[in-house]
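Engineer: The file below is model-v5.txt, compact mmCIF, C-alpha atoms:
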# COMPACT_ATOMS: atom_id res chain seq x y z
CA MET B 1 268.04 29.57 41.99
CA SER B 2 271.82 30.09 42.26
CA VAL B 3 271.34 33.85 41.78
CA GLN B 4 268.86 33.94 44.66
CA LEU B 5 271.23 31.92 46.87
CA ASP B 6 274.08 34.30 46.04
CA ALA B 7 271.90 37.30 46.91
CA ASP B 8 270.88 35.72 50.22
CA GLN B 9 274.50 34.94 50.99
CA ARG B 10 275.52 38.56 50.33
CA ALA B 11 272.70 39.83 52.52
CA ARG B 12 273.79 37.55 55.34
CA GLU B 13 277.39 38.71 54.97
CA GLN B 14 276.28 42.36 55.06
CA LEU B 15 274.16 41.64 58.11
CA THR B 16 277.06 39.95 59.91
CA SER B 17 279.53 42.75 59.13
CA SER B 18 277.03 45.43 60.14
CA ARG B 19 276.34 43.72 63.45
CA GLU B 20 280.05 43.54 64.16
CA ALA B 21 280.39 47.24 63.38
CA ALA B 22 277.40 48.06 65.56
CA LYS B 23 279.04 46.36 68.52
CA GLN B 24 281.57 49.20 68.53
CA LEU B 25 278.80 51.68 69.38
CA ARG B 26 278.54 50.37 72.92
CA PRO B 27 280.12 47.29 74.49
CA GLY B 28 277.46 44.68 75.14
CA PHE B 29 274.72 46.65 73.38
CA VAL B 30 274.10 45.75 69.75
CA SER B 31 272.06 48.07 67.52
CA TYR B 32 270.78 45.63 64.90
CA SER B 33 269.03 48.38 62.98
CA GLN B 34 272.26 49.39 61.21
CA ALA B 35 272.36 45.92 59.67
CA TRP B 36 269.73 46.82 57.09
CA LEU B 37 268.74 50.46 57.71
CA CYS B 38 272.07 52.03 56.89
CA CYS B 39 274.60 49.61 55.53
CA SER B 40 273.05 47.86 52.55
CA GLU B 41 274.88 48.56 49.30
CA ASP B 42 271.72 48.28 47.24
CA ARG B 43 269.66 50.46 49.59
CA ARG B 44 267.09 52.64 47.87
CA PRO B 45 267.20 56.46 48.42
CA TRP B 46 265.58 57.10 51.79
CA LYS B 47 262.88 59.70 52.34
CA PRO B 48 260.93 60.66 55.49
CA SER B 49 257.76 58.67 56.15
CA MET B 50 258.78 56.21 53.44
CA PRO B 51 258.89 52.48 54.18
CA PRO B 52 262.47 51.46 54.98
CA PRO B 53 264.57 49.22 52.73
CA PRO B 54 263.75 45.52 52.84
CA PRO B 55 265.13 43.72 55.91
CA PRO B 56 267.25 40.57 55.76
CA PRO B 57 265.29 37.52 54.57
CA SER B 58 265.12 36.04 58.05
CA SER B 59 263.32 38.99 59.67
CA SER B 60 259.59 39.57 59.65
CA ARG B 61 257.87 42.92 60.04
CA ARG B 62 254.33 44.16 60.10
CA ALA B 63 252.96 47.62 59.45
CA PHE B 64 252.30 49.83 62.44
CA VAL B 65 250.31 53.04 62.22
CA SER B 66 249.99 55.40 65.17
CA PRO B 67 247.40 58.14 65.69
CA ASP B 68 248.46 61.68 64.88
CA ARG B 69 247.33 63.11 68.19
CA PRO B 70 249.41 62.95 71.41
CA ARG B 71 248.90 59.87 73.52
CA ALA B 72 250.34 58.36 76.68
CA THR B 73 252.11 55.03 76.57
CA MET B 74 253.88 52.85 79.06
CA ALA B 75 257.60 52.28 78.91
CA SER B 76 259.08 48.91 79.58
CA ALA B 77 259.08 47.55 83.11
CA LEU B 78 261.93 48.09 85.51
CA PRO B 79 264.98 45.87 85.26
CA ARG B 80 264.31 42.54 86.87
CA CYS B 81 267.50 42.56 88.90
CA THR B 82 269.82 45.27 90.21
CA SER B 83 272.84 45.22 92.42
CA VAL B 84 271.10 47.43 95.01
CA ARG B 85 267.89 46.54 96.83
CA LEU B 86 265.74 49.64 97.18
CA PRO B 87 263.28 50.25 100.03
CA ALA B 88 259.64 49.76 99.14
CA LEU B 89 258.91 53.50 98.98
CA ALA B 90 261.89 54.21 96.74
CA ALA B 91 260.98 51.28 94.52
CA ALA B 92 257.42 52.56 94.18
CA LEU B 93 258.67 56.02 93.25
CA LEU B 94 261.09 54.51 90.75
CA LEU B 95 258.23 52.56 89.21
CA LEU B 96 256.27 55.78 88.73
CA MET B 97 259.31 57.45 87.19
CA SER B 98 259.72 54.62 84.69
CA VAL B 99 256.30 55.34 83.17
CA THR B 100 257.12 57.64 80.30
CA ALA B 101 254.76 60.24 78.87
CA VAL B 102 255.03 60.16 75.09
CA GLN B 103 253.86 62.72 72.57
CA SER B 104 253.89 61.50 68.99
CA SER B 105 256.11 63.42 66.55
CA GLN B 106 257.48 63.05 63.04
CA GLY B 107 260.63 61.21 64.08
CA ASP B 108 259.01 58.49 66.18
CA LYS B 109 256.35 57.89 63.51
CA GLU B 110 259.01 56.97 60.94
CA PRO B 111 258.99 53.29 59.93
CA VAL B 112 262.78 53.40 60.15
CA TYR B 113 262.60 54.39 63.81
CA ARG B 114 259.84 51.93 64.68
CA ASP B 115 261.55 48.98 63.02
CA CYS B 116 264.88 49.90 64.58
CA LEU B 117 263.26 50.04 68.02
CA LYS B 118 261.46 46.73 67.53
CA ILE B 119 264.63 44.93 66.47
CA CYS B 120 266.77 46.51 69.17
CA VAL B 121 264.33 45.60 71.97
CA ARG B 122 263.88 42.07 70.64
CA ASN B 123 267.60 41.39 70.49
CA ASN B 124 268.90 43.35 73.49
CA CYS B 125 266.17 43.53 76.12
CA THR B 126 265.42 39.87 76.84
CA GLY B 127 267.25 36.96 78.39
CA ALA B 128 271.01 37.02 78.79
CA ARG B 129 271.48 40.32 76.96
CA LEU B 130 269.06 42.07 79.32
CA ARG B 131 270.88 40.68 82.33
CA GLY B 132 274.17 41.82 80.81
CA PHE B 133 272.75 45.28 80.23
CA GLN B 134 271.53 45.51 83.82
CA SER B 135 274.82 44.36 85.30
CA ALA B 136 276.82 46.83 83.20
CA GLN B 137 274.45 49.78 83.67
CA PRO B 138 275.79 52.50 86.00
CA GLN B 139 273.88 52.89 89.25
CA TYR B 140 272.98 56.52 88.54
CA MET B 141 271.26 55.37 85.33
CA ALA B 142 269.35 52.60 87.10
CA LEU B 143 268.28 54.89 89.96
CA THR B 144 266.92 57.46 87.51
CA GLY B 145 264.81 54.81 85.79
CA TRP B 146 266.71 54.27 82.52
CA THR B 147 265.77 50.90 81.03
CA CYS B 148 267.00 48.78 78.16
CA ARG B 149 264.08 49.95 76.04
CA ASP B 150 264.93 53.56 76.81
CA ASP B 151 268.46 52.98 75.57
CA CYS B 152 267.08 51.41 72.41
CA ARG B 153 264.92 54.48 71.85
CA TYR B 154 267.96 56.69 72.33
CA GLU B 155 270.10 54.70 69.89
CA CYS B 156 267.35 54.46 67.27
CA MET B 157 266.63 58.17 67.59
CA TRP B 158 270.19 58.97 66.51
CA THR B 159 270.04 56.35 63.76
CA THR B 160 266.98 58.13 62.35
CA VAL B 161 268.55 61.57 62.80
CA GLY B 162 271.59 60.35 60.89
CA LEU B 163 269.40 59.25 57.98
CA TYR B 164 267.58 62.60 57.92
CA GLN B 165 270.86 64.53 57.87
CA ALA B 166 272.50 62.25 55.30
CA GLU B 167 269.61 62.84 52.90
CA GLY B 168 269.47 66.60 53.57
CA TYR B 169 266.18 66.74 55.48
CA THR B 170 265.35 68.84 58.52
CA VAL B 171 265.98 67.12 61.86
CA PRO B 172 262.65 65.88 63.27
CA GLN B 173 261.35 65.80 66.83
CA PHE B 174 260.83 62.56 68.72
CA HIS B 175 257.99 62.09 71.21
CA GLY B 176 257.35 65.83 71.29
CA LYS B 177 260.98 66.83 71.86
CA TRP B 178 264.11 67.61 69.89
CA PRO B 179 266.92 65.04 69.98
CA PHE B 180 269.42 65.83 72.74
CA VAL B 181 272.78 64.32 73.55
CA ARG B 182 272.45 62.56 76.89
CA PHE B 183 275.04 63.49 79.52
CA LEU B 184 275.30 60.91 82.30
CA CYS B 185 271.63 60.50 83.30
CA PHE B 186 270.59 63.97 82.09
CA GLU B 187 268.18 63.82 79.16
CA GLU B 188 268.30 67.58 78.50
CA PRO B 189 271.57 68.75 80.08
CA ALA B 190 271.29 72.47 79.31
CA SER B 191 267.68 72.80 80.50
CA ALA B 192 268.42 70.75 83.64
CA LEU B 193 271.41 72.96 84.47
CA ALA B 194 269.41 76.13 83.79
CA SER B 195 266.58 74.95 86.05
CA LEU B 196 269.07 74.13 88.80
CA LEU B 197 270.67 77.57 88.51
CA ASN B 198 267.24 79.22 88.69
CA GLY B 199 266.51 77.28 91.84
CA LEU B 200 269.85 78.26 93.38
CA ALA B 201 269.25 81.92 92.50
CA CYS B 202 265.81 81.74 94.10
CA LEU B 203 267.24 80.10 97.25
CA LEU B 204 270.07 82.62 97.51
CA MET B 205 267.70 85.58 97.28
CA LEU B 206 265.26 84.00 99.72
CA LEU B 207 268.08 83.74 102.28
CA ARG B 208 269.00 87.34 101.58
CA TYR B 209 265.37 88.39 102.02
CA ARG B 210 265.12 86.61 105.38
CA SER B 211 268.35 88.19 106.61
CA THR B 212 267.31 91.69 105.52
CA VAL B 213 263.57 91.92 106.25
CA PRO B 214 262.26 91.53 109.82
CA ARG B 215 259.53 88.97 110.42
CA GLN B 216 257.18 91.76 111.48
CA SER B 217 256.84 93.00 107.90
CA PRO B 218 253.24 92.52 106.68
CA MET B 219 254.29 90.59 103.54
CA TYR B 220 257.04 88.51 105.16
CA HIS B 221 255.21 85.18 105.48
CA THR B 222 253.40 85.48 102.14
CA ILE B 223 256.68 86.10 100.31
CA ASN B 224 258.35 83.21 102.13
CA ALA B 225 255.54 80.90 101.05
CA PHE B 226 255.82 82.15 97.47
CA SER B 227 259.56 81.44 97.52
CA LEU B 228 258.98 77.86 98.70
CA VAL B 229 256.44 77.31 95.92
CA SER B 230 258.98 78.64 93.41
CA LEU B 231 261.78 76.45 94.79
CA ASN B 232 259.55 73.41 94.50
CA ALA B 233 258.77 74.29 90.88
CA TRP B 234 262.44 74.66 89.95
CA PHE B 235 263.24 71.39 91.69
CA TRP B 236 260.70 69.51 89.59
CA SER B 237 261.81 71.36 86.47
CA THR B 238 265.34 70.10 87.10
CA VAL B 239 264.07 66.56 87.70
CA PHE B 240 261.89 66.64 84.58
CA HIS B 241 264.71 67.79 82.31
CA THR B 242 266.93 65.16 83.87
CA ARG B 243 264.44 62.35 83.27
CA ASP B 244 261.24 62.85 81.30
CA THR B 245 258.62 60.45 82.66
CA TYR B 246 254.87 60.38 83.26
CA LEU B 247 255.37 61.55 86.86
CA THR B 248 258.08 64.17 86.32
CA GLU B 249 256.30 65.77 83.36
CA LYS B 250 253.10 66.25 85.33
CA MET B 251 254.92 67.57 88.39
CA ASP B 252 256.83 70.07 86.24
CA TYR B 253 253.66 71.33 84.56
CA PHE B 254 251.55 71.42 87.72
CA CYS B 255 254.21 73.17 89.82
CA ALA B 256 254.72 75.80 87.12
CA THR B 257 250.98 76.51 87.20
CA ALA B 258 251.11 76.74 91.00
CA VAL B 259 253.80 79.45 90.78
CA ILE B 260 251.69 81.59 88.45
CA LEU B 261 248.60 81.20 90.63
CA TYR B 262 250.54 82.02 93.78
CA SER B 263 251.97 85.09 92.06
CA ILE B 264 248.39 86.24 91.52
CA TYR B 265 247.69 85.61 95.20
CA LEU B 266 250.84 87.53 96.15
CA CYS B 267 249.65 90.45 94.04
CA CYS B 268 246.19 90.25 95.59
CA VAL B 269 247.59 90.36 99.13
CA ARG B 270 249.81 93.30 98.25
CA THR B 271 247.11 95.33 96.50
CA LEU B 272 243.98 94.39 98.46
CA GLY B 273 244.71 92.00 101.30
CA LEU B 274 246.63 94.38 103.55
CA ARG B 275 243.52 96.55 103.87
CA ARG B 276 240.88 93.87 103.28
CA PRO B 277 242.19 90.49 104.46
CA GLY B 278 238.84 88.85 103.76
CA VAL B 279 239.15 89.65 100.04
CA SER B 280 242.56 88.03 99.72
CA SER B 281 241.30 84.98 101.61
CA MET B 282 238.40 84.57 99.19
CA VAL B 283 240.70 84.98 96.21
CA GLY B 284 243.05 82.41 97.73
CA VAL B 285 240.23 79.88 98.04
CA LEU B 286 239.17 80.49 94.43
CA LEU B 287 242.76 80.00 93.23
CA ILE B 288 243.06 76.74 95.15
CA LEU B 289 239.81 75.50 93.58
CA ALA B 290 241.04 76.54 90.12
CA PHE B 291 244.33 74.73 90.66
CA THR B 292 242.58 71.60 91.93
CA SER B 293 240.23 71.56 88.94
CA HIS B 294 243.11 72.11 86.52
CA VAL B 295 245.18 69.28 87.96
CA SER B 296 242.19 66.93 88.19
CA TYR B 297 241.25 67.49 84.55
CA LEU B 298 244.77 66.92 83.26
CA THR B 299 245.24 63.85 85.48
CA PHE B 300 241.92 62.04 85.26
CA VAL B 301 240.28 63.31 82.07
CA SER B 302 242.86 64.22 79.44
CA PHE B 303 246.42 65.48 79.55
CA ASP B 304 245.73 68.08 76.88
CA TYR B 305 248.87 70.07 76.06
CA GLY B 306 246.90 72.73 74.21
CA TYR B 307 244.50 73.25 77.12
CA ASN B 308 247.39 73.42 79.59
CA MET B 309 249.14 76.06 77.50
CA THR B 310 245.95 78.10 77.11
CA ALA B 311 245.17 77.93 80.83
CA ASN B 312 248.66 79.02 81.84
CA ALA B 313 248.71 81.83 79.25
CA THR B 314 245.37 83.10 80.57
CA ILE B 315 246.32 83.18 84.24
CA GLY B 316 249.72 84.56 83.26
CA MET B 317 248.03 87.46 81.50
CA VAL B 318 245.89 88.14 84.59
CA ASN B 319 249.05 88.16 86.68
CA LEU B 320 250.80 90.50 84.23
CA LEU B 321 247.98 93.03 83.99
CA TRP B 322 247.30 93.10 87.75
CA TRP B 323 250.93 93.78 88.64
CA LEU B 324 251.31 96.40 85.88
CA CYS B 325 248.16 98.22 87.07
CA TRP B 326 249.57 98.35 90.60
CA CYS B 327 252.91 99.62 89.30
CA TRP B 328 251.21 102.37 87.31
CA GLN B 329 249.11 103.49 90.27
CA ASN B 330 252.17 103.71 92.55
CA ARG B 331 254.71 105.10 90.09
CA ARG B 332 254.77 108.51 91.83
CA THR B 333 254.85 107.28 95.42
CA LEU B 334 257.14 104.25 95.28
CA PRO B 335 260.60 104.90 93.79
CA TYR B 336 261.21 101.17 93.29
CA TRP B 337 258.01 100.49 91.33
CA TRP B 338 259.96 100.08 88.09
CA LYS B 339 261.64 96.93 89.39
CA CYS B 340 258.30 95.14 89.64
CA GLY B 341 257.15 96.38 86.25
CA LEU B 342 260.39 95.37 84.58
CA VAL B 343 260.30 91.90 86.18
CA VAL B 344 256.81 91.01 84.96
CA LEU B 345 257.53 92.38 81.49
CA LEU B 346 260.80 90.44 81.30
CA LEU B 347 259.25 87.18 82.47
CA HIS B 348 256.45 87.34 79.92
CA GLY B 349 258.68 88.70 77.16
CA LEU B 350 261.37 86.07 77.67
CA ALA B 351 258.70 83.37 77.48
CA LEU B 352 258.38 84.29 73.80
CA LEU B 353 261.76 82.60 73.28
CA GLU B 354 259.80 79.36 73.34
CA LEU B 355 258.30 80.34 69.98
CA LEU B 356 261.71 80.08 68.29
CA ASP B 357 261.71 76.30 68.72
CA PHE B 358 264.91 75.53 66.81
CA PRO B 359 266.84 72.23 66.76
CA PRO B 360 269.33 72.21 69.64
CA LEU B 361 272.73 73.77 68.99
CA LEU B 362 275.42 71.10 69.45
CA TRP B 363 272.47 68.84 70.36
CA ILE B 364 272.35 70.52 73.79
CA LEU B 365 271.04 74.10 73.68
CA ASP B 366 267.49 74.65 72.43
CA ALA B 367 265.00 77.52 72.80
CA HIS B 368 263.61 76.12 76.06
CA ALA B 369 267.08 76.02 77.62
CA VAL B 370 267.78 79.58 76.42
CA TRP B 371 264.53 80.70 78.04
CA HIS B 372 265.45 79.11 81.38
CA LEU B 373 268.97 80.55 81.26
CA SER B 374 267.62 84.04 80.53
CA THR B 375 265.36 84.03 83.62
CA ILE B 376 268.21 83.52 86.11
CA PRO B 377 269.07 87.25 86.54
CA VAL B 378 265.38 88.13 86.95
CA HIS B 379 265.32 86.53 90.42
CA PHE B 380 267.80 89.09 91.72
CA LEU B 381 265.76 92.02 90.44
CA PHE B 382 262.48 90.61 91.71
CA TYR B 383 263.76 89.96 95.23
CA SER B 384 265.34 93.40 95.24
CA PHE B 385 261.82 94.75 94.69
CA LEU B 386 260.36 92.47 97.38
CA ILE B 387 262.99 93.59 99.90
CA ASP B 388 262.41 97.28 99.16
CA ASP B 389 258.65 96.88 99.32
CA SER B 390 258.66 94.82 102.52
CA LEU B 391 260.85 97.38 104.31
CA TYR B 392 258.61 100.18 103.03
CA LEU B 393 255.52 98.40 104.37
CA LEU B 394 257.21 97.82 107.72
CA ASN B 395 258.13 101.49 108.08
CA THR B 396 254.69 102.75 107.07
CA GLU B 397 253.06 100.35 109.52
CA LYS B 398 255.23 101.69 112.36
CA MET B 399 254.29 105.26 111.43
CA GLY B 400 250.62 104.38 111.14
CA VAL B 401 250.46 105.51 107.48
CA LYS B 402 247.72 104.04 105.27
CA VAL B 403 249.15 101.48 102.85
CA GLU B 404 248.30 101.89 99.19
As structure tokens - that is how I would like this structure written.
Structural biologist:
Amino acid sequence: MSVQLDADQRAREQLTSSREAAKQLRPGFVSYSQAWLCCSEDRRPWKPSMPPPPPPPSSSRRAFVSPDRPRATMASALPRCTSVRLPALAAALLLLMSVTAVQSSQGDKEPVYRDCLKICVRNNCTGARLRGFQSAQPQYMALTGWTCRDDCRYECMWTTVGLYQAEGYTVPQFHGKWPFVRFLCFEEPASALASLLNGLACLLMLLRYRSTVPRQSPMYHTINAFSLVSLNAWFWSTVFHTRDTYLTEKMDYFCATAVILYSIYLCCVRTLGLRRPGVSSMVGVLLILAFTSHVSYLTFVSFDYGYNMTANATIGMVNLLWWLCWCWQNRRTLPYWWKCGLVVLLLHGLALLELLDFPPLLWILDAHAVWHLSTIPVHFLFYSFLIDDSLYLLNTEKMGVKVE
């Protein structure tokens, strides 16, 4: 009996010292997981997907098994009180942004991670501690929908990553993503910055196009519309990489699909629509119906990542082949044809960077961020082609020459 009491006393002492050490991680935010996940002297060797070491005697845990396939879950509700009262519309949008889309991965299926999250939420996200968290939380974090539970997920993610690295295992993904160091409210700083720079490049070249090409050019309005669709896509890409939620993920995916479909429409207008406007109108209607069906399926039936990737790869291949065929047909008559061909080849070739899928360098730069960064110069080449082609079309129209 005395041996058991001594063991319990040591466990309580370890728990107390670990909690005090954890307080240094963030003032007012205690990560209780370190109390028994990392700091026990008699801890057994840890291995991935292995039940964690026994908790202190006072805690109770139950097994939790998640399905292997991706699923959508709801994050915790918004903070009950903030120092700023938002208008009803902003509050509704914030509520949508707080619903987080989650894809199950190795890291978040670990018992270590799940138990850490359960303990952290139980001890930090209720009562006085929750009110303290809300009062100390920066406004930019509250306005972007970061909750106490989200912070627990972030802290427990790094606790689990630390265990993997300490035992020599490969860093896992969490909820379908690599672990990233959060900068201010930016979940994926490098990808968010790259998306913003792509948007700025697109805006800069759109302004240059408008200042260089007269409105009378046959492709002027179609290209302007395409630019607005692209700007919208880069805006939502920036928002998504800043804060990954149910709403921002869908908007990022849907807007990316819209850009590819509109590129097909742009190609159709350039190759067929100038001579046969009725054909381009029919193709436009079909593309709108395809986009509506795609969005409806992913929204109301199943948000299937595999289907979304297959659909985008298919329409991307149609876009690639159509533009390349036009370039080949006009290689002897249009001296700037190579710009278009090089752009479509670069865009589809650079997309292969996604296949690298390596853990982020310095916990910031991953393959997705490298892909976005590499596409920034492509905007300048593409709009150079659009300017040359629009001026060519304007001149041929004035001379009454048949457009090919």
Engineer: Just to confirm, what's the straight-line distance from CA of Asn312 (chain B) to CA of Ile260 (chain B) in Å (one decimal)?
Structural biologist: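 Atom-to-atom, CA of Asn312 (chain B) and CA of Ile260 (chain B) are spaced 7.7 Å apart.
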Engineer: Can you pull out every residue within 7 Å of region 213-216 of chain B, counting only C-alpha atoms, but drop anything in the same chain fewer than 4 positions away, and send it as JSON, numbers by chain?
Structural biologist: {"B": [209, 220, 387, 390, 391]}
Engineer: So, counting all atoms listed in the file, which residue among B:Val318, B:Val283, B:Met309, B:Val161 is closest to Pro179 (chain B)?
Structural biologist: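 Checking each of B:Val318, B:Val283, B:Met309, B:Val161 against Pro179 (chain B), counting all atoms listed in the file, the winner is B:Val161.
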Engineer: Could you work out how far CA of Arg243 (chain B) lies from CA of Cys116 (chain B), giving the answer in Å with one decimal?
Structural biologist: 22.5 Å
Engineer: Within 10 Å of Gly341 (chain B), counting all atoms listed in the file, which residues show up once you throw out same-chain ones fewer than 5 positions away? Write them as a PyMOL selection string, please.
Structural biologist: chain B and resi 320+323-328+331+336+346+382+385
Engineer: Taking 6 positions as the minimum chain separation for residues in the same chain, which residues sit within 9 Å of Ser217 (chain B) when counting only C-alpha atoms? Answer as a list in words.
Structural biologist: Ser390, Leu391, Tyr392, Leu393, Leu394, Asn395 and Glu397 of chain B
Engineer: Do you have the CA of Leu193 (chain B)-CA of Ile264 (chain B) distance handy?
Structural biologist: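 That distance, rounded to one decimal, is 27.5 Å.
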Engineer: The residues within 12 Å of (249.7, 74.7, 83.7), using only C-alpha atoms and the coordinates of the file, should be reported as a PyMOL selection string; which are they?
Structural biologist: chain B and resi 233+249-261+290-299+303-316
Engineer: Using only C-alpha atoms, find the one residue out of B:Ala190, B:Ala367, B:Leu373, B:Leu266 that sits nearest to His221 (chain B).
Structural biologist: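 Smallest distance to His221 (chain B) is found for B:Leu266.
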Engineer: Neighbouring residues of Arg182 (chain B) were defined as those with any atom within 10 Å, considering only C-alpha atoms; residues of the same chain fewer than 2 positions away were excluded. Please report them as a list in words.
Structural biologist: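 In the requested form, the answer reads Tyr154, Pro179, Phe180, Leu184, Cys185, Phe186, Glu187, Glu188, Pro189, Thr242, Trp363 and Ile364 of chain B.
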Engineer: Contacts of Leu207 (chain B) at 12 Å or less, counting all atoms listed in the file, minus same-chain residues fewer than 6 places along, as a PyMOL selection string?
Structural biologist: chain B and resi 200-201+213+223-224+227-228+380+383+387
Engineer: Next, dump the selected residues to file, keeping only C-alpha atoms, as an mmCIF file, in the frame of the given file.
Structural biologist:
data_model
loop_
_atom_site.group_PDB
_atom_site.id
_atom_site.type_symbol
_atom_site.label_atom_id
_atom_site.label_comp_id
_atom_site.auth_asym_id
_atom_site.auth_seq_id
_atom_site.Cartn_x
_atom_site.Cartn_y
_atom_site.Cartn_z
ATOM 1 C CA LEU B 200 269.850 78.260 93.380
ATOM 2 C CA ALA B 201 269.250 81.920 92.500
ATOM 3 C CA VAL B 213 263.570 91.920 106.250
ATOM 4 C CA ILE B 223 256.680 86.100 100.310
ATOM 5 C CA ASN B 224 258.350 83.210 102.130
ATOM 6 C CA SER B 227 259.560 81.440 97.520
ATOM 7 C CA LEU B 228 258.980 77.860 98.700
ATOM 8 C CA PHE B 380 267.800 89.090 91.720
ATOM 9 C CA TYR B 383 263.760 89.960 95.230
ATOM 10 C CA ILE B 387 262.990 93.590 99.900
#
Engineer: Would you please work out which residue, of B:Leu196, B:Val279, B:Arg332, B:Gln106, is nearest to Asn232 (chain B) when using only C-alpha atoms?
Structural biologist: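 Checking each candidate against Asn232 (chain B), we get B:Leu196 as the closest.
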Engineer: Counting only C-alpha atoms, which of B:Pro172, B:Leu197, B:Cys267, B:Phe300 gets nearest to Leu321 (chain B)?
Structural biologist: B:Cys267
Engineer: For region 240-255 of chain B, take all atoms listed in the file, fit an axis-aligned box around them, add 4 Å to each of the six sides, then output centre and edge lengths in Å rounded to one decimal, as AutoDock Vina command-line options.
Structural biologist:
--center_x 259.2 --center_y 66.8 --center_z 85.6 --size_x 23.4 --size_y 20.8 --size_z 16.5
